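Asker: Here's a structure for you.
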2 protein chains.
Amino acid sequence: MAEFDLIARIRSCAGSDRRDVVLGIGDDAAVLSVEPGMQLVACVDTLNAGVHFPVDTQPDALGWKALAVNLSDLAAMGAQPCWALLSLSLPSAETPSVDELILGLTHLARLHGMALVGGDTTRGPLSLTVTALGQVPAGTALVRSGARVGDAIVVTGTLGDAAAGLMLAMGQVAAPSRAAGEMLRKRLDYPTPRIAAGTAMRGIASACIDVSDGLLADLGHVCAASGVGVQIDIEAVPLSAEILSVLPRGVAQRLALSGGDDYELCVAVPRDHLETALAALRGVGCAPHIVGRVTAEPGVQVLDAAGMDVTPRQRGYEHFS
Amino acid sequence: MAEFDLIARIRSCAGSDRRDVVLGIGDDAAVLSVEPGMQLVACVDTLNAGVHFPVDTQPDALGWKALAVNLSDLAAMGAQPCWALLSLSLPSAETPSVDELILGLTHLARLHGMALVGGDTTRGPLSLTVTALGQVPAGTALVRSGARVGDAIVVTGTLGDAAAGLMLAMGQVAAPSRAAGEMLRKRLDYPTPRIAAGTAMRGIASACIDVSDGLLADLGHVCAASGVGVQIDIEAVPLSAEILSVLPRGVAQRLALSGGDDYELCVAVPRDHLETALAALRGVGCAPHIVGRVTAEPGVQVLDAAGMDVTPRQRGYEHFS
């Protein structure tokens, strides 16, 4: 199969009835209409074989996750996803799994009403780069830099599950039940970008980030951008029944702090917006938890139930470290 | 050096005073203002080590070319480039050449007044994926599908030079003079995206494409999209003095038809706009040549001076073929 057949196949999966796609796949570039009063929100993320996913990952999960990690970034900005571009490097176009990969990506795109509007296919080691484009009403994007002393820190769901799923995938632990194993692996392979939670936090949260590198590392970015610190109550960090069925509580807590890849949102919320925020997050199907508070003291500190500092040294995942 | 140091270094090179960058590098996504009355134009292209460039390519050329190939796509749409995102996979952040790579990219970005507004850095085989975002007045984008029977086919400059530069880089030919060798290699490594030519063709050209895969292959896309055919006069295809100093005329002509990587624009122009088009292209520093005409007969045909069909079988570069 030749490159242009592959593009035709991608095009056939990329259907969308968005009226703001003036010109989609098939020209030198896509032409798109941004709504008046809206700002464009743009991000890009790459998944490389052997770096970002275990080799036994299902092809449709690769496609799903490559888009999901980008949608999570749009969610963290409070943006509504609109369009995506895919750059796909494949060892060979004969790779039997290409169709599944595309279907995984376009499945998630359809769930969010997005159109796949362009991209690039090249020969090379297996790699997926997705560019996600969204829109947000002008001036309402959630940023990392708005956290203020006294704000509550809220997460939209349980943490550590994806890291536990990776340990399962690597054979480092075993799940006591098939259901628990599948749930954790699904958290790793098919993360749910919290789009509705992000848009619900516009005008309510003071800062927002998605938990991709690990809660402590990501809160570190918020602290640096906002010029504040954060205290986390380790006992308040939500853990799933599944992770606790697989790992001792202490290990599960460590993964929840530093594991990464969970793609929950972590928001700073002024105290007088807190009930509104929690209700709004529940209203979009999240299980929000208050896990800490913004402090004047710089840095991210973890406290146990007795108020003792139990901050781990390992903060999260970094490439090249 | 850690991932976040690398991002900080990229950020320091990415400075721009564009007022439409609401939020650039350093948050989960960039926030950008599209001007009222303008449409967004978006494309992405990946360069992989060992596939898209010879291993001895200068690092700053990699950065330049990764952006240039995308700007060429924007040029082919008649769009003005505004913003770029870079996803960079590196075997190690210690790669001494990373800075040069970034400087090559940001140098070209500055020449076009673009801002680098975001991206991703990951570990993996050397690969650069650039997303380029531009704007075009609503309804004026140049497309592949507008060519009409009788239109003239115009190219903005000499063809085949990049392919000859690749032959030099591979040691398949030798240049009789250092200047000729350098010119051809520069056409391969530092292509000039024809942005001003593209914007000048708005409202004048009926169709446009950039010559990336090779003139015949790219014209094949125009023919398919427009439902027409094209006749090329081989003797009218412009060749540089440099390519003719390195290769016999027949070989140079073959490279000009099928070589790719030249990033000139190829436009279809209605006859009554032809003088206007040629003057406009000269006005932006191009040396336009009429190389053929649009016909009703489907397909791309190459004619010699006597009108004989000399269409080569090899159309251009395809991945996976």
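Residue names in the structure tokens use chain letters A, B, ... in the order shown, residue numbers from 1 in each chain, and ligand numbers from 1 in the order shown.
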Could you fit chain B onto chain A by least squares over every C-alpha atom, paired in order, and give me the moved chain as a compact mmCIF listing (two decimals) with C-alpha atoms, in the first residue's frame?
Answerer:
# COMPACT_ATOMS: atom_id res chain seq x y z
CA MET B 1 -0.04 0.00 0.01
CA ALA B 2 1.26 3.40 -0.91
CA GLU B 3 1.34 6.59 1.14
CA PHE B 4 -1.61 8.11 -0.68
CA ASP B 5 -3.77 5.01 -0.08
CA LEU B 6 -3.01 5.34 3.61
CA ILE B 7 -4.04 9.00 3.55
CA ALA B 8 -7.26 8.04 1.75
CA ARG B 9 -7.98 5.47 4.45
CA ILE B 10 -7.39 8.00 7.20
CA ARG B 11 -9.60 10.45 5.37
CA SER B 12 -12.43 7.92 5.20
CA CYS B 13 -12.37 7.57 9.01
CA ALA B 14 -12.09 11.29 9.64
CA GLY B 15 -15.59 12.29 8.62
CA SER B 16 -17.23 15.03 10.57
CA ASP B 17 -20.07 17.41 9.91
CA ARG B 18 -18.43 20.39 11.52
CA ARG B 19 -19.35 23.47 9.53
CA ASP B 20 -16.24 25.29 10.67
CA VAL B 21 -14.01 22.99 8.59
CA VAL B 22 -13.72 25.02 5.39
CA LEU B 23 -11.16 22.59 3.98
CA GLY B 24 -10.12 19.34 5.66
CA ILE B 25 -7.77 16.50 4.70
CA GLY B 26 -6.57 16.57 1.10
CA ASP B 27 -5.01 19.95 0.44
CA ASP B 28 -1.69 21.48 1.53
CA ALA B 29 -3.24 22.62 4.80
CA ALA B 30 -6.60 22.74 6.53
CA VAL B 31 -8.69 25.93 6.52
CA LEU B 32 -10.77 26.47 9.65
CA SER B 33 -13.20 29.08 10.95
CA VAL B 34 -12.67 30.31 14.49
CA GLU B 35 -15.90 31.68 15.94
CA PRO B 36 -16.05 35.42 16.62
CA GLY B 37 -15.33 36.14 20.27
CA MET B 38 -13.37 32.91 20.68
CA GLN B 39 -9.65 32.39 21.09
CA LEU B 40 -7.72 29.51 19.56
CA VAL B 41 -6.07 27.02 21.93
CA ALA B 42 -3.30 24.85 20.46
CA CYS B 43 -1.07 22.06 21.72
CA VAL B 44 0.97 19.14 20.42
CA ASP B 45 2.16 15.90 22.01
CA THR B 46 4.10 12.94 20.68
CA LEU B 47 3.90 9.29 21.68
CA ASN B 48 6.98 7.24 20.73
CA ALA B 49 7.05 3.44 20.67
CA GLY B 50 9.22 2.08 23.45
CA VAL B 51 9.12 5.36 25.39
CA HIS B 52 5.50 6.28 25.98
CA PHE B 53 3.74 2.93 25.84
CA PRO B 54 4.49 -0.75 26.56
CA VAL B 55 5.16 -2.74 23.38
CA ASP B 56 2.04 -4.88 23.90
CA THR B 57 -0.27 -1.84 23.85
CA GLN B 58 -3.27 -2.35 21.57
CA PRO B 59 -3.02 -0.29 18.37
CA ASP B 60 -6.40 1.35 18.96
CA ALA B 61 -5.17 2.41 22.41
CA LEU B 62 -2.20 4.16 20.78
CA GLY B 63 -4.52 6.18 18.59
CA TRP B 64 -6.86 6.92 21.47
CA LYS B 65 -4.12 7.93 23.87
CA ALA B 66 -2.22 10.08 21.35
CA LEU B 67 -5.33 12.22 21.03
CA ALA B 68 -6.38 11.90 24.69
CA VAL B 69 -3.16 13.38 26.07
CA ASN B 70 -3.69 16.42 23.86
CA LEU B 71 -7.35 16.75 24.77
CA SER B 72 -6.26 16.66 28.38
CA ASP B 73 -4.10 19.72 27.69
CA LEU B 74 -7.06 21.47 26.09
CA ALA B 75 -9.19 20.46 29.09
CA ALA B 76 -6.63 22.03 31.42
CA MET B 77 -7.13 25.32 29.52
CA GLY B 78 -10.91 25.09 29.76
CA ALA B 79 -11.06 24.80 25.97
CA GLN B 80 -13.58 22.99 23.80
CA PRO B 81 -11.77 20.67 21.33
CA CYS B 82 -12.53 21.30 17.65
CA TRP B 83 -9.91 19.98 15.25
CA ALA B 84 -6.93 17.63 15.21
CA LEU B 85 -3.94 17.01 12.96
CA LEU B 86 -2.07 13.68 13.03
CA SER B 87 1.53 13.08 12.03
CA LEU B 88 2.10 9.36 11.86
CA SER B 89 5.48 7.69 11.44
CA LEU B 90 5.27 4.01 10.58
CA PRO B 91 7.97 1.43 9.88
CA SER B 92 5.78 0.30 6.96
CA ALA B 93 2.35 1.14 5.63
CA GLU B 94 1.66 -2.62 5.69
CA THR B 95 1.60 -2.48 9.47
CA PRO B 96 -1.64 -4.45 9.91
CA SER B 97 -2.62 -2.37 12.89
CA VAL B 98 -2.72 1.03 11.21
CA ASP B 99 -6.45 0.87 10.72
CA GLU B 100 -7.05 0.07 14.38
CA LEU B 101 -4.79 2.91 15.39
CA ILE B 102 -6.74 5.36 13.25
CA LEU B 103 -10.03 3.98 14.54
CA GLY B 104 -8.93 4.45 18.15
CA LEU B 105 -8.08 8.07 17.45
CA THR B 106 -11.17 8.88 15.41
CA HIS B 107 -13.40 7.15 17.99
CA LEU B 108 -12.26 9.55 20.70
CA ALA B 109 -12.42 12.46 18.26
CA ARG B 110 -16.07 11.68 17.51
CA LEU B 111 -16.91 11.47 21.22
CA HIS B 112 -15.87 15.11 21.43
CA GLY B 113 -17.30 16.20 18.09
CA MET B 114 -13.84 16.90 16.71
CA ALA B 115 -12.76 16.69 13.09
CA LEU B 116 -9.43 15.22 11.97
CA VAL B 117 -8.49 17.86 9.41
CA GLY B 118 -4.99 17.04 8.28
CA GLY B 119 -1.63 15.51 8.96
CA ASP B 120 1.36 13.76 7.59
CA THR B 121 2.37 10.14 7.07
CA THR B 122 6.03 9.23 6.95
CA ARG B 123 8.29 6.26 7.20
CA GLY B 124 10.18 5.92 10.47
CA PRO B 125 10.05 4.35 13.93
CA LEU B 126 6.44 4.08 15.17
CA SER B 127 5.45 7.49 16.50
CA LEU B 128 2.25 9.51 16.70
CA THR B 129 2.19 13.27 17.01
CA VAL B 130 -1.20 14.88 17.47
CA THR B 131 -1.88 18.58 17.28
CA ALA B 132 -5.14 19.49 18.99
CA LEU B 133 -6.89 22.77 18.33
CA GLY B 134 -9.71 24.06 20.47
CA GLN B 135 -11.55 27.25 21.26
CA VAL B 136 -12.30 29.15 24.41
CA PRO B 137 -14.33 32.34 24.88
CA ALA B 138 -11.82 35.21 24.78
CA GLY B 139 -10.24 35.84 28.15
CA THR B 140 -11.59 32.73 29.89
CA ALA B 141 -8.72 30.25 29.38
CA LEU B 142 -7.58 28.55 32.58
CA VAL B 143 -3.88 29.08 33.22
CA ARG B 144 -1.21 27.79 35.55
CA SER B 145 -0.33 31.19 36.90
CA GLY B 146 -3.50 32.21 38.74
CA ALA B 147 -3.27 30.22 42.00
CA ARG B 148 -3.48 32.41 45.12
CA VAL B 149 -2.63 31.75 48.75
CA GLY B 150 -5.62 30.19 50.48
CA ASP B 151 -7.08 28.53 47.37
CA ALA B 152 -8.11 24.91 47.71
CA ILE B 153 -6.43 22.28 45.51
CA VAL B 154 -9.00 19.94 43.95
CA VAL B 155 -8.44 16.89 41.76
CA THR B 156 -11.15 15.47 39.52
CA GLY B 157 -10.64 11.77 40.29
CA THR B 158 -8.41 9.03 41.63
CA LEU B 159 -4.67 9.18 41.02
CA GLY B 160 -2.00 6.53 40.60
CA ASP B 161 -4.19 4.15 38.60
CA ALA B 162 -2.28 4.59 35.34
CA ALA B 163 1.07 4.02 37.06
CA ALA B 164 -0.35 0.87 38.68
CA GLY B 165 -1.60 -0.18 35.25
CA LEU B 166 1.95 0.23 33.92
CA MET B 167 3.31 -1.94 36.76
CA LEU B 168 0.77 -4.59 35.79
CA ALA B 169 1.76 -4.30 32.12
CA MET B 170 5.41 -4.70 33.07
CA GLY B 171 4.61 -7.77 35.19
CA GLN B 172 5.87 -6.05 38.35
CA VAL B 173 2.65 -6.77 40.22
CA ALA B 174 -0.36 -9.03 39.70
CA ALA B 175 -4.01 -8.10 40.01
CA PRO B 176 -6.12 -10.16 42.43
CA SER B 177 -9.10 -9.91 40.08
CA ARG B 178 -9.41 -9.59 36.34
CA ALA B 179 -11.74 -6.62 36.72
CA ALA B 180 -9.24 -4.70 38.82
CA GLY B 181 -6.45 -5.42 36.35
CA GLU B 182 -8.57 -4.32 33.43
CA MET B 183 -9.66 -1.11 35.13
CA LEU B 184 -6.07 -0.11 35.92
CA ARG B 185 -4.79 -1.03 32.47
CA LYS B 186 -7.64 0.93 30.92
CA ARG B 187 -6.67 3.99 32.94
CA LEU B 188 -3.21 3.67 31.38
CA ASP B 189 -4.26 2.87 27.82
CA TYR B 190 -7.54 4.76 27.35
CA PRO B 191 -7.33 7.83 29.56
CA THR B 192 -10.41 10.06 29.75
CA PRO B 193 -9.65 13.69 29.02
CA ARG B 194 -11.67 15.85 31.43
CA ILE B 195 -13.04 18.23 28.83
CA ALA B 196 -16.36 18.90 30.53
CA ALA B 197 -14.60 19.44 33.84
CA GLY B 198 -12.28 21.97 32.24
CA THR B 199 -14.99 23.99 30.59
CA ALA B 200 -17.01 23.86 33.85
CA MET B 201 -14.09 25.46 35.70
CA ARG B 202 -14.03 28.61 33.53
CA GLY B 203 -14.67 31.62 35.72
CA ILE B 204 -14.45 29.45 38.85
CA ALA B 205 -10.93 28.03 39.15
CA SER B 206 -7.94 30.32 39.64
CA ALA B 207 -5.50 27.87 38.03
CA CYS B 208 -5.61 24.49 36.32
CA ILE B 209 -3.23 21.82 35.06
CA ASP B 210 -3.67 18.23 33.98
CA VAL B 211 -1.92 15.47 35.90
CA SER B 212 0.36 14.06 33.23
CA ASP B 213 3.82 14.05 34.81
CA GLY B 214 2.59 13.29 38.34
CA LEU B 215 0.65 15.36 40.89
CA LEU B 216 3.72 16.79 42.63
CA ALA B 217 5.55 17.60 39.41
CA ASP B 218 2.49 19.20 37.87
CA LEU B 219 1.69 21.17 41.01
CA GLY B 220 5.33 22.27 40.92
CA HIS B 221 4.59 23.91 37.56
CA VAL B 222 1.55 25.67 39.02
CA CYS B 223 3.57 26.88 42.01
CA ALA B 224 6.38 28.18 39.79
CA ALA B 225 3.97 29.96 37.46
CA SER B 226 1.85 31.40 40.28
CA GLY B 227 4.67 32.26 42.69
CA VAL B 228 3.10 30.24 45.49
CA GLY B 229 3.48 26.91 47.28
CA VAL B 230 1.13 24.00 47.87
CA GLN B 231 0.50 21.67 50.80
CA ILE B 232 -0.97 18.28 49.98
CA ASP B 233 -2.66 16.09 52.60
CA ILE B 234 -1.57 12.62 51.58
CA GLU B 235 -4.60 11.01 53.25
CA ALA B 236 -6.93 13.19 51.17
CA VAL B 237 -5.52 12.09 47.80
CA PRO B 238 -8.18 9.81 46.28
CA LEU B 239 -7.19 6.22 45.59
CA SER B 240 -9.30 3.72 43.69
CA ALA B 241 -10.44 0.45 45.23
CA GLU B 242 -8.61 -1.20 42.34
CA ILE B 243 -5.19 0.27 43.10
CA LEU B 244 -5.64 -0.67 46.76
CA SER B 245 -6.44 -4.23 45.72
CA VAL B 246 -3.12 -4.46 43.90
CA LEU B 247 -0.70 -2.46 46.00
CA PRO B 248 -0.11 -1.62 49.67
CA ARG B 249 -1.57 1.77 50.61
CA GLY B 250 1.86 3.39 50.99
CA VAL B 251 2.95 2.36 47.49
CA ALA B 252 -0.39 3.41 46.03
CA GLN B 253 0.00 6.82 47.66
CA ARG B 254 3.47 7.19 46.19
CA LEU B 255 2.14 6.40 42.71
CA ALA B 256 -0.71 8.86 43.25
CA LEU B 257 1.81 11.60 44.04
CA SER B 258 4.43 10.87 41.41
CA GLY B 259 3.10 8.34 38.92
CA GLY B 260 1.76 10.51 36.14
CA ASP B 261 -0.35 9.58 33.12
CA ASP B 262 -3.67 9.86 35.00
CA TYR B 263 -4.97 12.88 33.05
CA GLU B 264 -7.23 14.07 35.84
CA LEU B 265 -7.38 17.83 36.23
CA CYS B 266 -5.88 19.54 39.24
CA VAL B 267 -7.44 22.93 39.93
CA ALA B 268 -6.83 25.74 42.39
CA VAL B 269 -10.15 27.16 43.59
CA PRO B 270 -10.72 30.28 45.72
CA ARG B 271 -12.51 29.31 48.93
CA ASP B 272 -15.64 31.28 48.09
CA HIS B 273 -16.02 29.34 44.83
CA LEU B 274 -15.32 25.95 46.37
CA GLU B 275 -18.88 24.65 46.76
CA THR B 276 -19.75 25.87 43.27
CA ALA B 277 -16.67 24.14 41.86
CA LEU B 278 -17.35 20.83 43.59
CA ALA B 279 -20.99 20.85 42.48
CA ALA B 280 -20.02 21.71 38.91
CA LEU B 281 -17.44 18.91 38.79
CA ARG B 282 -19.93 16.41 40.21
CA GLY B 283 -22.41 17.67 37.65
CA VAL B 284 -20.13 16.54 34.81
CA GLY B 285 -19.59 13.09 36.28
CA CYS B 286 -16.34 13.65 38.19
CA ALA B 287 -15.63 12.65 41.78
CA PRO B 288 -13.74 15.75 42.96
CA HIS B 289 -11.58 15.69 46.07
CA ILE B 290 -9.98 18.54 47.98
CA VAL B 291 -6.38 17.40 48.41
CA GLY B 292 -4.65 20.46 49.76
CA ARG B 293 -4.23 24.21 49.81
CA VAL B 294 -2.15 26.98 48.29
CA THR B 295 0.42 28.49 50.64
CA ALA B 296 2.83 31.41 50.59
CA GLU B 297 5.81 29.12 51.29
CA PRO B 298 7.26 28.10 47.90
CA GLY B 299 7.38 24.48 46.80
CA VAL B 300 5.14 21.46 47.07
CA GLN B 301 4.93 19.84 50.48
CA VAL B 302 3.16 16.61 51.41
CA LEU B 303 1.75 16.23 54.91
CA ASP B 304 0.52 13.10 56.67
CA ALA B 305 -2.53 12.92 58.94
CA ALA B 306 -0.44 14.17 61.85
CA GLY B 307 0.81 17.15 59.85
CA MET B 308 4.31 15.70 59.44
CA ASP B 309 6.24 16.47 56.23
CA VAL B 310 6.37 13.28 54.16
CA THR B 311 7.28 14.84 50.81
CA PRO B 312 8.91 12.20 48.57
CA ARG B 313 12.08 13.05 46.70
CA GLN B 314 10.89 11.61 43.38
CA ARG B 315 8.59 14.24 41.87
CA GLY B 316 7.40 12.70 38.63
CA TYR B 317 8.36 11.62 35.19
CA GLU B 318 10.94 13.57 33.23
CA HIS B 319 12.35 12.68 29.88
CA PHE B 320 16.16 12.78 29.81
CA SER B 321 16.47 12.50 33.61
Asker: Segment 9-100 of chain A: which residues are helix (DSSP H, G or I) by DSSP, as a list in words?
Answerer: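 The helix (DSSP H, G or I) subset of segment 9-100 of chain A is Arg9, Ile10, Arg11, Ser12, Cys13, Pro59, Asp60, Ala61, Leu62, Gly63, Trp64, Lys65, Ala66, Leu67, Ala68, Val69, Asn70, Leu71, Ser72, Asp73, Leu74, Ala75, Ala76, Val98, Asp99 and Glu100 of chain A.
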Asker: Could you take the residues named above and write them with N, CA and C atoms, as a tab-separated table (two decimals), in the first residue's frame?
Answerer:
chain	number	residue	atom	x	y	z
A	9	ARG	N	-7.32	6.24	3.39
A	9	ARG	CA	-7.97	5.46	4.45
A	9	ARG	C	-8.21	6.31	5.69
A	10	ILE	N	-7.21	7.12	6.03
A	10	ILE	CA	-7.38	8.00	7.19
A	10	ILE	C	-8.53	8.96	6.93
A	11	ARG	N	-8.56	9.49	5.71
A	11	ARG	CA	-9.60	10.44	5.34
A	11	ARG	C	-10.99	9.83	5.49
A	12	SER	N	-11.09	8.55	5.13
A	12	SER	CA	-12.41	7.90	5.18
A	12	SER	C	-12.90	7.73	6.62
A	13	CYS	N	-11.97	7.69	7.58
A	13	CYS	CA	-12.36	7.56	9.00
A	13	CYS	C	-12.58	8.90	9.65
A	59	PRO	N	-3.14	-1.40	19.34
A	59	PRO	CA	-3.03	-0.29	18.39
A	59	PRO	C	-4.12	0.76	18.55
A	60	ASP	N	-5.35	0.33	18.85
A	60	ASP	CA	-6.40	1.34	18.97
A	60	ASP	C	-6.17	2.20	20.22
A	61	ALA	N	-5.51	1.62	21.22
A	61	ALA	CA	-5.17	2.41	22.42
A	61	ALA	C	-4.13	3.49	22.08
A	62	LEU	N	-3.18	3.15	21.19
A	62	LEU	CA	-2.19	4.16	20.77
A	62	LEU	C	-2.88	5.36	20.15
A	63	GLY	N	-3.81	5.09	19.25
A	63	GLY	CA	-4.52	6.18	18.60
A	63	GLY	C	-5.34	6.98	19.59
A	64	TRP	N	-6.05	6.26	20.44
A	64	TRP	CA	-6.88	6.91	21.47
A	64	TRP	C	-6.00	7.80	22.36
A	65	LYS	N	-4.91	7.21	22.87
A	65	LYS	CA	-4.11	7.93	23.87
A	65	LYS	C	-3.38	9.12	23.25
A	66	ALA	N	-2.93	8.97	22.01
A	66	ALA	CA	-2.22	10.08	21.36
A	66	ALA	C	-3.12	11.31	21.28
A	67	LEU	N	-4.41	11.08	21.03
A	67	LEU	CA	-5.33	12.21	21.03
A	67	LEU	C	-5.70	12.61	22.46
A	68	ALA	N	-5.90	11.62	23.33
A	68	ALA	CA	-6.38	11.90	24.69
A	68	ALA	C	-5.41	12.80	25.46
A	69	VAL	N	-4.11	12.57	25.31
A	69	VAL	CA	-3.16	13.38	26.08
A	69	VAL	C	-3.22	14.84	25.63
A	70	ASN	N	-3.53	15.05	24.36
A	70	ASN	CA	-3.69	16.42	23.87
A	70	ASN	C	-5.01	17.04	24.32
A	71	LEU	N	-6.07	16.23	24.30
A	71	LEU	CA	-7.36	16.74	24.77
A	71	LEU	C	-7.26	17.10	26.24
A	72	SER	N	-6.46	16.35	26.98
A	72	SER	CA	-6.27	16.66	28.39
A	72	SER	C	-5.63	18.04	28.55
A	73	ASP	N	-4.70	18.37	27.65
A	73	ASP	CA	-4.10	19.72	27.69
A	73	ASP	C	-5.14	20.79	27.36
A	74	LEU	N	-5.99	20.52	26.38
A	74	LEU	CA	-7.06	21.48	26.08
A	74	LEU	C	-8.01	21.60	27.28
A	75	ALA	N	-8.31	20.45	27.91
A	75	ALA	CA	-9.19	20.46	29.09
A	75	ALA	C	-8.60	21.36	30.18
A	76	ALA	N	-7.29	21.25	30.36
A	76	ALA	CA	-6.63	22.04	31.41
A	76	ALA	C	-6.69	23.53	31.13
A	98	VAL	N	-2.52	-0.39	11.46
A	98	VAL	CA	-2.72	1.03	11.20
A	98	VAL	C	-4.19	1.41	11.26
A	99	ASP	N	-5.03	0.55	10.71
A	99	ASP	CA	-6.45	0.87	10.71
A	99	ASP	C	-6.99	0.97	12.13
A	100	GLU	N	-6.58	0.03	13.00
A	100	GLU	CA	-7.06	0.06	14.39
A	100	GLU	C	-6.59	1.33	15.09
Asker: Write down as a VMD selection string the residues belonging to segment 81-284 of chain B that are assigned strand (DSSP E) by DSSP computed on the backbone.
Answerer: chain B and resid 81 to 90 115 to 123 127 to 137 152 to 155 207 to 210 229 to 233 265 to 269
Asker: Residues as selected, C-alpha atoms, written as a tab-separated table (two decimals), in the first residue's frame, can you do that?
Answerer:
chain	number	residue	atom	x	y	z
B	81	PRO	CA	2.31	32.33	8.84
B	82	CYS	CA	1.67	33.32	12.46
B	83	TRP	CA	2.49	30.64	15.00
B	84	ALA	CA	4.36	27.34	15.25
B	85	LEU	CA	4.44	24.39	17.63
B	86	LEU	CA	7.45	22.04	17.76
B	87	SER	CA	7.47	18.44	18.91
B	88	LEU	CA	11.05	17.33	19.26
B	89	SER	CA	12.18	13.75	19.87
B	90	LEU	CA	15.82	13.45	20.87
B	115	ALA	CA	6.10	33.05	17.20
B	116	LEU	CA	7.00	29.59	18.49
B	117	VAL	CA	4.16	29.16	20.97
B	118	GLY	CA	4.41	25.63	22.26
B	119	GLY	CA	5.44	22.06	21.76
B	120	ASP	CA	6.67	18.89	23.31
B	121	THR	CA	10.07	17.38	24.01
B	122	THR	CA	10.41	13.64	24.30
B	123	ARG	CA	13.02	10.94	24.25
B	127	SER	CA	12.56	13.55	14.82
B	128	LEU	CA	11.06	17.00	14.42
B	129	THR	CA	7.36	17.61	13.96
B	130	VAL	CA	6.30	21.18	13.31
B	131	THR	CA	2.74	22.41	13.32
B	132	ALA	CA	2.39	25.70	11.46
B	133	LEU	CA	-0.61	27.94	11.92
B	134	GLY	CA	-1.38	30.83	9.63
B	135	GLN	CA	-4.23	33.09	8.64
B	136	VAL	CA	-5.88	33.99	5.39
B	137	PRO	CA	-8.71	36.45	4.71
B	152	ALA	CA	-1.49	28.24	-17.54
B	153	ILE	CA	0.78	26.29	-15.18
B	154	VAL	CA	3.42	28.54	-13.62
B	155	VAL	CA	6.26	27.63	-11.28
B	207	ALA	CA	-5.15	26.51	-7.91
B	208	CYS	CA	-1.86	26.18	-6.07
B	209	ILE	CA	0.38	23.49	-4.61
B	210	ASP	CA	3.95	23.44	-3.40
B	229	GLY	CA	-5.23	17.11	-16.79
B	230	VAL	CA	-1.98	18.98	-17.34
B	231	GLN	CA	0.52	19.13	-20.20
B	232	ILE	CA	4.07	20.12	-19.29
B	233	ASP	CA	6.57	21.35	-21.87
B	265	LEU	CA	4.99	26.95	-5.77
B	266	CYS	CA	3.17	25.59	-8.79
B	267	VAL	CA	0.08	27.61	-9.68
B	268	ALA	CA	-2.69	27.33	-12.22
B	269	VAL	CA	-3.56	30.77	-13.60
